[in-house]
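Colleague: Pasting start18.cif here (mmCIF, C-alpha atoms (C1' of nucleotides)):
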data_my_file
#
loop_
_atom_site.group_PDB
_atom_site.id
_atom_site.type_symbol
_atom_site.label_atom_id
_atom_site.label_comp_id
_atom_site.auth_asym_id
_atom_site.auth_seq_id
_atom_site.Cartn_x
_atom_site.Cartn_y
_atom_site.Cartn_z
ATOM 1 C CA MET A 1 84.105 107.831 102.319
ATOM 2 C CA THR A 2 85.082 107.039 98.815
ATOM 3 C CA VAL A 3 88.570 107.112 97.388
ATOM 4 C CA LEU A 4 87.681 105.786 93.986
ATOM 5 C CA GLU A 5 88.174 108.982 92.068
ATOM 6 C CA TRP A 6 91.928 108.947 92.650
ATOM 7 C CA ASP A 7 94.346 106.792 90.755
ATOM 8 C CA PRO A 8 97.957 106.543 91.941
ATOM 9 C CA TYR A 9 98.847 105.276 88.510
ATOM 10 C CA ASP A 10 98.044 108.645 87.061
ATOM 11 C CA ARG A 11 101.129 110.817 87.217
ATOM 12 C CA ASN A 12 99.142 113.840 88.309
ATOM 13 C CA CYS A 13 97.573 112.152 91.289
ATOM 14 C CA PRO A 14 98.606 113.806 94.563
ATOM 15 C CA SER A 15 99.194 110.375 96.015
ATOM 16 C CA ARG A 16 102.407 110.321 94.033
ATOM 17 C CA GLN A 17 103.786 113.098 96.204
ATOM 18 C CA VAL A 18 102.627 111.293 99.306
ATOM 19 C CA LEU A 19 104.148 108.012 98.200
ATOM 20 C CA ASP A 20 107.437 109.742 97.522
ATOM 21 C CA ARG A 21 107.629 110.933 101.084
ATOM 22 C CA VAL A 22 106.292 107.889 102.791
ATOM 23 C CA GLY A 23 108.564 105.661 100.824
ATOM 24 C CA ASP A 24 111.796 107.420 101.543
ATOM 25 C CA ARG A 25 114.707 105.890 103.322
ATOM 26 C CA TRP A 26 114.328 107.423 106.769
ATOM 27 C CA THR A 27 110.614 108.027 107.143
ATOM 28 C CA VAL A 28 109.885 104.354 107.627
ATOM 29 C CA LEU A 29 112.474 104.086 110.364
ATOM 30 C CA VAL A 30 111.579 107.321 112.116
ATOM 31 C CA VAL A 31 107.882 106.542 112.204
ATOM 32 C CA GLY A 32 108.711 103.072 113.420
ATOM 33 C CA ALA A 33 110.839 104.487 116.193
ATOM 34 C CA LEU A 34 108.186 106.993 117.243
ATOM 35 C CA ALA A 35 105.708 104.150 117.494
ATOM 36 C CA ALA A 36 107.252 103.470 120.903
ATOM 37 C CA GLY A 37 106.045 106.837 122.111
ATOM 38 C CA PRO A 38 107.174 110.475 122.207
ATOM 39 C CA MET A 39 110.869 110.881 121.792
ATOM 40 C CA ARG A 40 113.384 113.672 121.787
ATOM 41 C CA PHE A 41 115.689 114.520 118.970
ATOM 42 C CA SER A 42 118.765 112.955 120.472
ATOM 43 C CA GLU A 43 116.923 109.757 121.309
ATOM 44 C CA LEU A 44 115.756 109.446 117.736
ATOM 45 C CA ALA A 45 119.229 110.099 116.421
ATOM 46 C CA GLU A 46 120.512 107.303 118.568
ATOM 47 C CA ARG A 47 117.744 104.869 117.790
ATOM 48 C CA VAL A 48 117.831 105.353 114.022
ATOM 49 C CA ASP A 49 121.389 104.281 113.557
ATOM 50 C CA GLY A 50 123.273 105.962 110.749
ATOM 51 C CA VAL A 51 120.999 108.925 110.159
ATOM 52 C CA SER A 52 122.795 112.234 109.940
ATOM 53 C CA GLN A 53 121.409 115.080 111.963
ATOM 54 C CA LYS A 54 120.601 116.875 108.755
ATOM 55 C CA MET A 55 118.528 114.026 107.387
ATOM 56 C CA LEU A 56 116.802 113.481 110.712
ATOM 57 C CA THR A 57 115.861 117.140 110.904
ATOM 58 C CA GLN A 58 114.664 117.092 107.329
ATOM 59 C CA THR A 59 112.637 113.942 107.808
ATOM 60 C CA LEU A 60 111.019 115.304 110.961
ATOM 61 C CA ARG A 61 110.201 118.615 109.252
ATOM 62 C CA ASN A 62 108.520 116.804 106.414
ATOM 63 C CA LEU A 63 106.551 114.625 108.780
ATOM 64 C CA GLU A 64 105.540 117.715 110.721
ATOM 65 C CA ARG A 65 104.532 119.484 107.532
ATOM 66 C CA ASP A 66 102.399 116.537 106.553
ATOM 67 C CA GLY A 67 100.683 116.612 109.928
ATOM 68 C CA LEU A 68 102.002 113.211 110.921
ATOM 69 C CA VAL A 69 104.234 114.360 113.751
ATOM 70 C CA THR A 70 104.013 117.126 116.322
ATOM 71 C CA ARG A 71 107.009 119.044 117.553
ATOM 72 C CA THR A 72 106.986 120.333 121.115
ATOM 73 C CA MET A 73 109.662 122.681 122.378
ATOM 74 C CA TYR A 74 110.269 123.096 126.057
ATOM 75 C CA ALA A 75 111.746 126.489 126.857
ATOM 76 C CA GLN A 76 114.509 125.446 129.147
ATOM 77 C CA ILE A 77 118.233 125.139 129.204
ATOM 78 C CA PRO A 78 119.455 122.976 127.756
ATOM 79 C CA PRO A 79 116.639 122.944 125.185
ATOM 80 C CA ARG A 80 114.435 119.935 124.926
ATOM 81 C CA VAL A 81 112.311 119.041 121.946
ATOM 82 C CA GLU A 82 109.947 116.142 121.759
ATOM 83 C CA TYR A 83 108.433 114.555 118.711
ATOM 84 C CA GLU A 84 105.263 112.566 118.778
ATOM 85 C CA LEU A 85 103.075 110.885 116.221
ATOM 86 C CA THR A 86 99.732 112.565 115.588
ATOM 87 C CA ASP A 87 96.610 110.478 115.218
ATOM 88 C CA SER A 88 97.158 110.505 111.505
ATOM 89 C CA GLY A 89 100.780 109.518 111.994
ATOM 90 C CA THR A 90 99.747 106.699 114.265
ATOM 91 C CA THR A 91 97.589 105.195 111.558
ATOM 92 C CA LEU A 92 100.664 105.148 109.371
ATOM 93 C CA GLN A 93 102.238 102.719 111.778
ATOM 94 C CA LEU A 94 100.157 99.849 110.497
ATOM 95 C CA PRO A 95 101.316 99.864 106.864
ATOM 96 C CA MET A 96 104.825 100.778 107.976
ATOM 97 C CA LYS A 97 104.965 97.874 110.342
ATOM 98 C CA ALA A 98 103.582 95.580 107.683
ATOM 99 C CA LEU A 99 106.436 96.672 105.456
ATOM 100 C CA GLU A 100 108.981 96.255 108.197
ATOM 101 C CA ASP A 101 107.691 92.797 109.042
ATOM 102 C CA TRP A 102 107.719 91.766 105.414
ATOM 103 C CA THR A 103 111.261 93.011 105.094
ATOM 104 C CA LYS A 104 112.390 91.067 108.104
ATOM 105 C CA GLU A 105 110.796 87.890 106.825
ATOM 106 C CA HIS A 106 112.086 88.103 103.280
ATOM 107 C CA MET A 107 115.448 89.689 103.867
ATOM 108 C CA ARG A 108 117.395 86.460 103.723
ATOM 109 C CA GLY A 109 115.619 85.195 100.638
ATOM 110 C CA ILE A 110 116.217 88.446 98.849
ATOM 111 C CA MET A 111 119.875 88.611 99.734
ATOM 112 C CA ALA A 112 120.243 85.030 98.516
ATOM 113 C CA ALA A 113 118.391 85.797 95.290
ATOM 114 C CA ARG A 114 120.664 88.747 94.677
ATOM 115 C CA TYR A 115 123.707 86.628 95.197
ATOM 116 C CA GLU A 116 122.459 84.037 92.726
ATOM 117 C CA TYR A 117 121.498 86.654 90.191
ATOM 118 C CA ASP A 118 124.846 88.396 90.370
ATOM 119 C CA LEU A 119 126.597 85.070 90.057
ATOM 120 C CA HIS A 120 124.882 84.129 86.815
ATOM 121 C CA LYS A 121 125.285 87.646 85.559
ATOM 122 C CA ALA A 122 129.027 87.311 85.960
ATOM 123 C CA GLU A 123 129.041 84.179 83.847
ATOM 124 C CA LEU A 124 127.949 86.028 80.756
ATOM 125 C CA PRO A 125 131.047 87.509 79.130
ATOM 126 C CA LYS A 126 130.836 90.526 76.856
ATOM 127 C CA PRO A 127 130.639 89.806 73.096
ATOM 128 C CA MET B 128 110.931 80.953 112.245
ATOM 129 C CA THR B 129 112.487 83.705 114.228
ATOM 130 C CA VAL B 130 113.519 87.077 112.990
ATOM 131 C CA LEU B 131 114.498 88.506 116.308
ATOM 132 C CA GLU B 132 118.197 88.618 115.678
ATOM 133 C CA TRP B 133 117.851 91.364 113.082
ATOM 134 C CA ASP B 134 117.280 94.993 113.850
ATOM 135 C CA PRO B 135 116.447 97.389 111.022
ATOM 136 C CA TYR B 136 117.541 100.207 113.266
ATOM 137 C CA ASP B 137 121.078 98.968 113.088
ATOM 138 C CA ARG B 138 122.785 100.512 110.094
ATOM 139 C CA ASN B 139 124.463 97.252 109.157
ATOM 140 C CA CYS B 140 121.279 95.246 109.006
ATOM 141 C CA PRO B 141 120.630 93.893 105.505
ATOM 142 C CA SER B 142 117.037 94.982 105.865
ATOM 143 C CA ARG B 143 118.271 98.485 105.205
ATOM 144 C CA GLN B 144 119.186 97.483 101.671
ATOM 145 C CA VAL B 145 115.835 95.804 101.247
ATOM 146 C CA LEU B 146 113.949 98.816 102.566
ATOM 147 C CA ASP B 147 115.828 101.047 100.176
ATOM 148 C CA ARG B 148 114.609 99.058 97.231
ATOM 149 C CA VAL B 149 111.115 98.414 98.390
ATOM 150 C CA GLY B 150 110.667 102.041 99.291
ATOM 151 C CA ASP B 151 111.669 103.526 96.013
ATOM 152 C CA ARG B 152 109.419 105.603 93.856
ATOM 153 C CA TRP B 153 108.433 103.060 91.214
ATOM 154 C CA THR B 154 108.590 99.704 92.953
ATOM 155 C CA VAL B 155 105.352 100.270 94.814
ATOM 156 C CA LEU B 156 103.540 101.149 91.628
ATOM 157 C CA VAL B 157 105.027 98.366 89.517
ATOM 158 C CA VAL B 158 104.286 95.694 92.078
ATOM 159 C CA GLY B 159 100.805 97.109 92.441
ATOM 160 C CA ALA B 160 100.287 96.949 88.711
ATOM 161 C CA LEU B 161 101.573 93.390 88.464
ATOM 162 C CA ALA B 162 99.131 92.381 91.151
ATOM 163 C CA ALA B 163 96.552 92.245 88.381
ATOM 164 C CA GLY B 164 98.479 89.431 86.725
ATOM 165 C CA PRO B 165 101.319 88.916 84.244
ATOM 166 C CA MET B 166 101.954 91.904 82.087
ATOM 167 C CA ARG B 167 104.247 92.834 79.261
ATOM 168 C CA PHE B 168 106.660 95.685 79.228
ATOM 169 C CA SER B 169 104.539 98.021 77.177
ATOM 170 C CA GLU B 170 101.474 97.348 79.259
ATOM 171 C CA LEU B 171 103.377 98.233 82.396
ATOM 172 C CA ALA B 172 104.761 101.360 80.802
ATOM 173 C CA GLU B 173 101.250 102.425 79.977
ATOM 174 C CA ARG B 174 99.755 101.522 83.313
ATOM 175 C CA VAL B 175 102.434 103.184 85.414
ATOM 176 C CA ASP B 176 101.940 106.638 84.065
ATOM 177 C CA GLY B 177 105.007 108.820 83.908
ATOM 178 C CA VAL B 178 107.676 106.184 84.290
ATOM 179 C CA SER B 179 110.468 106.454 81.761
ATOM 180 C CA GLN B 180 111.408 103.267 79.984
ATOM 181 C CA LYS B 181 114.777 103.463 81.579
ATOM 182 C CA MET B 182 113.360 103.569 85.099
ATOM 183 C CA LEU B 183 110.865 100.854 84.316
ATOM 184 C CA THR B 184 113.627 98.606 83.039
ATOM 185 C CA GLN B 185 115.745 99.356 86.058
ATOM 186 C CA THR B 186 112.920 98.742 88.482
ATOM 187 C CA LEU B 187 112.050 95.443 86.825
ATOM 188 C CA ARG B 188 115.693 94.333 86.833
ATOM 189 C CA ASN B 189 115.953 95.025 90.520
ATOM 190 C CA LEU B 190 112.757 93.186 91.257
ATOM 191 C CA GLU B 191 113.992 90.293 89.154
ATOM 192 C CA ARG B 192 117.302 90.298 90.947
ATOM 193 C CA ASP B 193 115.535 90.183 94.278
ATOM 194 C CA GLY B 194 113.511 87.193 93.137
ATOM 195 C CA LEU B 195 110.243 89.098 93.320
ATOM 196 C CA VAL B 196 109.468 89.106 89.621
ATOM 197 C CA THR B 197 110.102 86.658 86.779
ATOM 198 C CA ARG B 198 110.920 87.734 83.277
ATOM 199 C CA THR B 199 109.794 85.539 80.400
ATOM 200 C CA MET B 200 110.968 86.192 76.864
ATOM 201 C CA TYR B 201 109.094 84.768 73.927
ATOM 202 C CA ALA B 202 111.350 84.285 70.924
ATOM 203 C CA GLN B 203 109.200 85.832 68.283
ATOM 204 C CA ILE B 204 108.965 88.893 66.169
ATOM 205 C CA PRO B 205 108.083 91.373 67.372
ATOM 206 C CA PRO B 206 109.578 90.407 70.724
ATOM 207 C CA ARG B 207 107.302 89.821 73.644
ATOM 208 C CA VAL B 208 108.378 89.875 77.261
ATOM 209 C CA GLU B 209 106.147 89.155 80.183
ATOM 210 C CA TYR B 210 106.683 90.007 83.797
ATOM 211 C CA GLU B 211 105.011 88.207 86.623
ATOM 212 C CA LEU B 212 105.187 88.318 90.385
ATOM 213 C CA THR B 213 106.834 85.332 92.010
ATOM 214 C CA ASP B 214 105.367 83.812 95.141
ATOM 215 C CA SER B 215 107.657 86.000 97.155
ATOM 216 C CA GLY B 216 106.658 89.007 95.114
ATOM 217 C CA THR B 217 103.027 88.200 95.659
ATOM 218 C CA THR B 218 103.444 88.345 99.406
ATOM 219 C CA LEU B 219 104.791 91.844 98.943
ATOM 220 C CA GLN B 220 101.425 92.883 97.603
ATOM 221 C CA LEU B 221 99.902 92.933 101.048
ATOM 222 C CA PRO B 222 102.149 95.560 102.652
ATOM 223 C CA MET B 223 102.277 97.481 99.370
ATOM 224 C CA LYS B 224 98.517 97.569 99.135
ATOM 225 C CA ALA B 225 98.293 98.611 102.760
ATOM 226 C CA LEU B 226 100.569 101.505 101.938
ATOM 227 C CA GLU B 227 98.640 102.397 98.822
ATOM 228 C CA ASP B 228 95.351 102.297 100.702
ATOM 229 C CA TRP B 229 96.721 104.430 103.495
ATOM 230 C CA THR B 230 97.989 106.916 100.955
ATOM 231 C CA LYS B 231 94.640 107.148 99.244
ATOM 232 C CA GLU B 232 92.859 107.687 102.527
ATOM 233 C CA HIS B 233 95.199 110.314 103.914
ATOM 234 C CA MET B 234 96.180 112.094 100.742
ATOM 235 C CA ARG B 235 93.751 114.953 101.168
ATOM 236 C CA GLY B 236 94.590 115.474 104.815
ATOM 237 C CA ILE B 237 98.256 115.553 104.044
ATOM 238 C CA MET B 238 97.939 117.956 101.168
ATOM 239 C CA ALA B 239 95.836 120.214 103.404
ATOM 240 C CA ALA B 240 98.369 119.986 106.225
ATOM 241 C CA ARG B 241 101.123 120.948 103.830
ATOM 242 C CA TYR B 242 99.167 123.915 102.620
ATOM 243 C CA GLU B 243 98.587 125.106 106.172
ATOM 244 C CA TYR B 244 102.188 124.573 107.141
ATOM 245 C CA ASP B 245 103.533 126.444 104.147
ATOM 246 C CA LEU B 246 101.108 129.258 104.831
ATOM 247 C CA HIS B 247 102.322 129.823 108.370
ATOM 248 C CA LYS B 248 105.876 129.381 107.258
ATOM 249 C CA ALA B 249 105.445 132.246 104.846
ATOM 250 C CA GLU B 250 104.235 134.514 107.640
ATOM 251 C CA LEU B 251 107.591 134.407 109.339
ATOM 252 C CA PRO B 252 109.789 137.025 107.675
ATOM 253 C CA LYS B 253 113.552 136.803 107.749
ATOM 254 C CA PRO B 254 115.294 138.757 110.542
ATOM 255 C "C1'" DC C 255 120.783 120.216 123.342
ATOM 256 C "C1'" DC C 256 118.699 121.219 119.013
ATOM 257 C "C1'" DG C 257 119.088 122.763 115.236
ATOM 258 C "C1'" DA C 258 120.193 126.145 110.652
ATOM 259 C "C1'" DA C 259 123.431 127.061 107.036
ATOM 260 C "C1'" DT C 260 127.079 126.015 103.903
ATOM 261 C "C1'" DC C 261 129.974 123.373 100.905
ATOM 262 C "C1'" DC C 262 130.441 119.609 97.925
ATOM 263 C "C1'" DC C 263 130.216 114.980 95.990
ATOM 264 C "C1'" DC C 264 127.902 111.722 93.414
ATOM 265 C "C1'" DT C 265 123.906 109.140 92.609
ATOM 266 C "C1'" DC C 266 119.629 109.090 90.677
ATOM 267 C "C1'" DT C 267 116.675 110.521 86.795
ATOM 268 C "C1'" DG C 268 114.997 111.911 82.584
ATOM 269 C "C1'" DA C 269 115.843 112.934 77.310
ATOM 270 C "C1'" DT C 270 117.552 111.374 73.474
ATOM 271 C "C1'" DA C 271 119.353 108.287 70.250
ATOM 272 C "C1'" DC C 272 120.564 103.718 68.734
ATOM 273 C "C1'" DT C 273 120.121 98.105 68.314
ATOM 274 C "C1'" DG C 274 118.095 93.136 67.837
ATOM 275 C "C1'" DC D 275 108.480 95.675 70.857
ATOM 276 C "C1'" DA D 276 111.831 95.781 74.280
ATOM 277 C "C1'" DG D 277 115.403 97.109 75.455
ATOM 278 C "C1'" DT D 278 120.866 99.382 75.833
ATOM 279 C "C1'" DA D 279 124.018 103.554 75.682
ATOM 280 C "C1'" DT D 280 125.135 108.050 76.623
ATOM 281 C "C1'" DC D 281 124.914 112.551 78.444
ATOM 282 C "C1'" DA D 282 123.528 116.486 81.305
ATOM 283 C "C1'" DG D 283 120.840 118.394 85.177
ATOM 284 C "C1'" DA D 284 118.744 118.200 89.777
ATOM 285 C "C1'" DG D 285 118.803 116.949 94.059
ATOM 286 C "C1'" DG D 286 119.846 113.644 97.917
ATOM 287 C "C1'" DG D 287 122.900 113.242 101.510
ATOM 288 C "C1'" DG D 288 127.356 113.604 104.375
ATOM 289 C "C1'" DA D 289 130.720 116.632 106.829
ATOM 290 C "C1'" DT D 290 131.423 120.700 108.969
ATOM 291 C "C1'" DT D 291 130.577 125.044 111.068
ATOM 292 C "C1'" DC D 292 127.963 128.332 113.590
ATOM 293 C "C1'" DG D 293 123.745 130.113 116.429
ATOM 294 C "C1'" DG D 294 119.858 130.136 120.307
#
Now that the file is in, can you turn its structure into structure tokens?
Modeller:
Amino acid sequence: MTVLEWDPYDRNCPSRQVLDRVGDRWTVLVVGALAAGPMRFSELAERVDGVSQKMLTQTLRNLERDGLVTRTMYAQIPPRVEYELTDSGTTLQLPMKALEDWTKEHMRGIMAARYEYDLHKAELPKP
Amino acid sequence: MTVLEWDPYDRNCPSRQVLDRVGDRWTVLVVGALAAGPMRFSELAERVDGVSQKMLTQTLRNLERDGLVTRTMYAQIPPRVEYELTDSGTTLQLPMKALEDWTKEHMRGIMAARYEYDLHKAELPKP
DNA sequence: CCGAATCCCCTCTGATACTG
DNA sequence: CAGTATCAGAGGGGATTCGG
């Protein structure tokens, strides 16, 4: 299966829309969390520290829309809803994890570089 | 070298700040473009279709600040500025490329899933 | 328990115009 | 050529409230 005819560097390429979603703040973390297996809403909210319920809902809806996550409602009281990665969503784990691992490894270096940069920046007074 | 003491799922983890940057709209594309080798501003602007010069500048500044890209100015007229991935920036290529490849492969499926989803969504009239 | 809906701030972004 | 400055609009995202 060829993918050569698409170029992400072209602004009209659909991959731009996909990249926008995949690259957003919460998607990485939610997919990473779901890698551990099916999870209910409240579990996700707890695991992904700092996400508002609005953003979590939104992120999950988008993932569901993109066919990367399934949403299963159990008709009971109190309600219970489970989210699970689809096959397609599972394949996303690999690049996501690569990104997460890279981040973990380079975090310190980056924070240090920022500190240095900001330091030298401060040394340059305005004309 | 251990990385175990950090947890991206904790809202105070510095990796959150790193993920925010890495995951933004243009960084993926700029890093991908620079993978081909050093490039000047105008070349980048041309390659990364659709980026405004403001966003390109901003993206490059951030990458420079994070120590992922070097900026070399040649004192001549007209001015010439070249950007190049640092060693650290080069290592970022791997996860970025993984993401780009995944995107290319799943783009069609995702666009189709969205279409389906939106279709069924439209079938549900308001109460 | 799992959301939808609303209000509101404020950041991010893109156009446009101006310098070295 | 490679930026900086400025402004206005769109939308991301939090807090809160209400419904099934």
Colleague: With chain B held fixed, move chain A onto it by a least-squares fit of all C-alpha atoms in order and give the output as a compact mmCIF listing (two decimals) with C-alpha atoms, keeping the file's coordinate frame.
Modeller:
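Heads up, here's the output in part32.txt:
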# COMPACT_ATOMS: atom_id res chain seq x y z
CA MET A 1 110.91 81.06 112.23
CA THR A 2 112.43 83.80 114.23
CA VAL A 3 113.42 87.21 112.98
CA LEU A 4 114.43 88.63 116.31
CA GLU A 5 118.14 88.71 115.71
CA TRP A 6 117.83 91.42 113.07
CA ASP A 7 117.32 95.06 113.82
CA PRO A 8 116.47 97.45 110.99
CA TYR A 9 117.57 100.27 113.22
CA ASP A 10 121.11 99.03 113.04
CA ARG A 11 122.79 100.57 110.03
CA ASN A 12 124.49 97.32 109.11
CA CYS A 13 121.30 95.31 108.98
CA PRO A 14 120.64 93.94 105.48
CA SER A 15 117.05 95.03 105.83
CA ARG A 16 118.27 98.54 105.15
CA GLN A 17 119.18 97.54 101.62
CA VAL A 18 115.83 95.84 101.21
CA LEU A 19 113.93 98.83 102.54
CA ASP A 20 115.78 101.09 100.14
CA ARG A 21 114.56 99.10 97.20
CA VAL A 22 111.08 98.39 98.37
CA GLY A 23 110.55 101.98 99.29
CA ASP A 24 111.57 103.53 96.03
CA ARG A 25 109.33 105.58 93.85
CA TRP A 26 108.44 103.05 91.17
CA THR A 27 108.62 99.70 92.91
CA VAL A 28 105.40 100.30 94.78
CA LEU A 29 103.57 101.16 91.59
CA VAL A 30 105.05 98.38 89.49
CA VAL A 31 104.31 95.70 92.06
CA GLY A 32 100.83 97.11 92.43
CA ALA A 33 100.30 96.94 88.70
CA LEU A 34 101.60 93.38 88.46
CA ALA A 35 99.15 92.39 91.16
CA ALA A 36 96.56 92.25 88.37
CA GLY A 37 98.47 89.43 86.75
CA PRO A 38 101.32 88.89 84.27
CA MET A 39 101.96 91.86 82.09
CA ARG A 40 104.23 92.78 79.24
CA PHE A 41 106.66 95.62 79.22
CA SER A 42 104.56 97.94 77.13
CA GLU A 43 101.48 97.31 79.24
CA LEU A 44 103.39 98.20 82.37
CA ALA A 45 104.77 101.33 80.78
CA GLU A 46 101.27 102.40 79.96
CA ARG A 47 99.76 101.51 83.29
CA VAL A 48 102.44 103.18 85.40
CA ASP A 49 101.94 106.63 84.04
CA GLY A 50 105.02 108.81 83.88
CA VAL A 51 107.69 106.15 84.23
CA SER A 52 110.48 106.41 81.71
CA GLN A 53 111.48 103.26 79.92
CA LYS A 54 114.84 103.46 81.60
CA MET A 55 113.37 103.56 85.08
CA LEU A 56 110.88 100.82 84.28
CA THR A 57 113.65 98.58 83.00
CA GLN A 58 115.77 99.35 86.02
CA THR A 59 112.94 98.72 88.45
CA LEU A 60 112.07 95.42 86.79
CA ARG A 61 115.72 94.31 86.80
CA ASN A 62 115.98 95.02 90.49
CA LEU A 63 112.78 93.18 91.22
CA GLU A 64 114.03 90.27 89.14
CA ARG A 65 117.35 90.30 90.94
CA ASP A 66 115.57 90.21 94.26
CA GLY A 67 113.54 87.22 93.12
CA LEU A 68 110.27 89.10 93.30
CA VAL A 69 109.50 89.08 89.60
CA THR A 70 110.12 86.63 86.79
CA ARG A 71 110.94 87.68 83.27
CA THR A 72 109.80 85.48 80.41
CA MET A 73 110.94 86.10 76.86
CA TYR A 74 109.04 84.68 73.96
CA ALA A 75 111.27 84.17 70.94
CA GLN A 76 109.10 85.67 68.30
CA ILE A 77 108.89 88.71 66.14
CA PRO A 78 108.08 91.19 67.34
CA PRO A 79 109.57 90.19 70.70
CA ARG A 80 107.30 89.72 73.64
CA VAL A 81 108.37 89.80 77.25
CA GLU A 82 106.14 89.13 80.18
CA TYR A 83 106.71 89.98 83.79
CA GLU A 84 105.03 88.20 86.63
CA LEU A 85 105.21 88.32 90.38
CA THR A 86 106.87 85.33 92.03
CA ASP A 87 105.38 83.83 95.15
CA SER A 88 107.67 86.02 97.17
CA GLY A 89 106.66 89.03 95.11
CA THR A 90 103.02 88.22 95.64
CA THR A 91 103.44 88.37 99.39
CA LEU A 92 104.79 91.86 98.92
CA GLN A 93 101.43 92.90 97.58
CA LEU A 94 99.90 92.96 101.03
CA PRO A 95 102.14 95.59 102.62
CA MET A 96 102.26 97.50 99.34
CA LYS A 97 98.52 97.60 99.13
CA ALA A 98 98.29 98.64 102.75
CA LEU A 99 100.57 101.54 101.91
CA GLU A 100 98.61 102.42 98.81
CA ASP A 101 95.33 102.32 100.70
CA TRP A 102 96.73 104.46 103.48
CA THR A 103 97.98 106.94 100.93
CA LYS A 104 94.62 107.15 99.25
CA GLU A 105 92.85 107.71 102.54
CA HIS A 106 95.20 110.34 103.90
CA MET A 107 96.17 112.12 100.73
CA ARG A 108 93.73 114.96 101.16
CA GLY A 109 94.57 115.51 104.81
CA ILE A 110 98.25 115.58 104.04
CA MET A 111 97.91 118.00 101.17
CA ALA A 112 95.82 120.24 103.41
CA ALA A 113 98.36 120.01 106.23
CA ARG A 114 101.12 120.97 103.83
CA TYR A 115 99.18 123.95 102.65
CA GLU A 116 98.60 125.12 106.21
CA TYR A 117 102.21 124.56 107.17
CA ASP A 118 103.54 126.46 104.19
CA LEU A 119 101.13 129.27 104.89
CA HIS A 120 102.32 129.81 108.45
CA LYS A 121 105.88 129.38 107.33
CA ALA A 122 105.44 132.28 104.95
CA GLU A 123 104.25 134.50 107.77
CA LEU A 124 107.58 134.39 109.53
CA PRO A 125 109.80 137.05 107.97
CA LYS A 126 113.57 136.81 108.11
CA PRO A 127 115.29 138.71 110.96
Colleague: Residues of chain B that have any atom at most 6 Å from an atom of chain A: could you tabulate them with the shortest-distance atom pair and the distance in Å to one decimal, using all atoms listed in the file, ordered by chain and increasing number, as JSON lines?
Modeller:
{"residue": "B:Tyr136", "atom": "CA", "partner": "A:Val48", "partner_atom": "CA", "distance": 5.2}
{"residue": "B:Asp137", "atom": "CA", "partner": "A:Asp49", "partner_atom": "CA", "distance": 5.3}
{"residue": "B:Arg138", "atom": "CA", "partner": "A:Asp49", "partner_atom": "CA", "distance": 5.3}
{"residue": "B:Ser142", "atom": "CA", "partner": "A:Met107", "partner_atom": "CA", "distance": 5.9}
{"residue": "B:Asp147", "atom": "CA", "partner": "A:Arg25", "partner_atom": "CA", "distance": 5.9}
{"residue": "B:Gly150", "atom": "CA", "partner": "A:Gly23", "partner_atom": "CA", "distance": 4.5}
{"residue": "B:Arg152", "atom": "CA", "partner": "A:Asp20", "partner_atom": "CA", "distance": 5.9}
{"residue": "B:Val175", "atom": "CA", "partner": "A:Tyr9", "partner_atom": "CA", "distance": 5.2}
{"residue": "B:Asp176", "atom": "CA", "partner": "A:Arg11", "partner_atom": "CA", "distance": 5.3}
{"residue": "B:Gly177", "atom": "CA", "partner": "A:Arg11", "partner_atom": "CA", "distance": 5.5}
{"residue": "B:Arg192", "atom": "CA", "partner": "A:Arg114", "partner_atom": "CA", "distance": 5.3}
{"residue": "B:Asp193", "atom": "CA", "partner": "A:Ile110", "partner_atom": "CA", "distance": 4.9}
{"residue": "B:Gly194", "atom": "CA", "partner": "A:Ala113", "partner_atom": "CA", "distance": 5.5}
{"residue": "B:Pro222", "atom": "CA", "partner": "A:Ala98", "partner_atom": "CA", "distance": 5.2}
{"residue": "B:Ala225", "atom": "CA", "partner": "A:Pro95", "partner_atom": "CA", "distance": 5.2}
{"residue": "B:Leu226", "atom": "CA", "partner": "A:Pro95", "partner_atom": "CA", "distance": 5.2}
{"residue": "B:Met234", "atom": "CA", "partner": "A:Ser15", "partner_atom": "CA", "distance": 5.9}
{"residue": "B:Ile237", "atom": "CA", "partner": "A:Asp66", "partner_atom": "CA", "distance": 4.9}
{"residue": "B:Ala240", "atom": "CA", "partner": "A:Asp66", "partner_atom": "CA", "distance": 5.3}
{"residue": "B:Arg241", "atom": "CA", "partner": "A:Arg65", "partner_atom": "CA", "distance": 5.2}
{"residue": "B:Tyr244", "atom": "CA", "partner": "A:Arg65", "partner_atom": "CA", "distance": 5.6}
Colleague: Which residues would end up in the selection if the PyMOL selection byres ((chain C) within 10 of (chain B)) were applied here, given that I need the answer as a ChimeraX atom specification?
Modeller: /C:267-269,274
Colleague: Find the residues of chain D in contact range of chain A, meaning any atom within 12 Å when counting all atoms listed in the file, and list them as a PyMOL selection string.
Modeller: chain D and resi 286-290+294
Colleague: Report, as lines of an AutoDock Vina configuration file, the centre and edge lengths in Å (one decimal) of the axis-aligned box enclosing every listed atom of region 256-268 of chain C, padded by 8 Å on each side.
Modeller:
center_x = 122.7
center_y = 118.1
center_z = 100.8
size_x = 31.4
size_y = 34.0
size_z = 52.4
Colleague: What is the CA of Ala45 (chain A) to C1' of DC266 (chain C) distance in Å?
Modeller: 25.8 Å
Colleague: What is the distance, in Å and to one decimal place, between CA of Ala163 (chain B) and CA of Thr217 (chain B)?
Modeller: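 Pair CA of Ala163 (chain B) / CA of Thr217 (chain B) returns 10.5 Å.
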Colleague: C1' of DG277 (chain D) and C1' of DT273 (chain C), how far apart in Å?
Modeller: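 Pair C1' of DT273 (chain C) / C1' of DG277 (chain D) returns 8.6 Å.
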Colleague: Counting only C-alpha atoms (C1' of nucleotides), which of A:Ser42, A:Tyr83, A:Ala75, A:Gln58 gets nearest to DC255 (chain C)?
Modeller: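 Residue with the minimum atom-to-atom distance to DC255 (chain C): A:Ser42.
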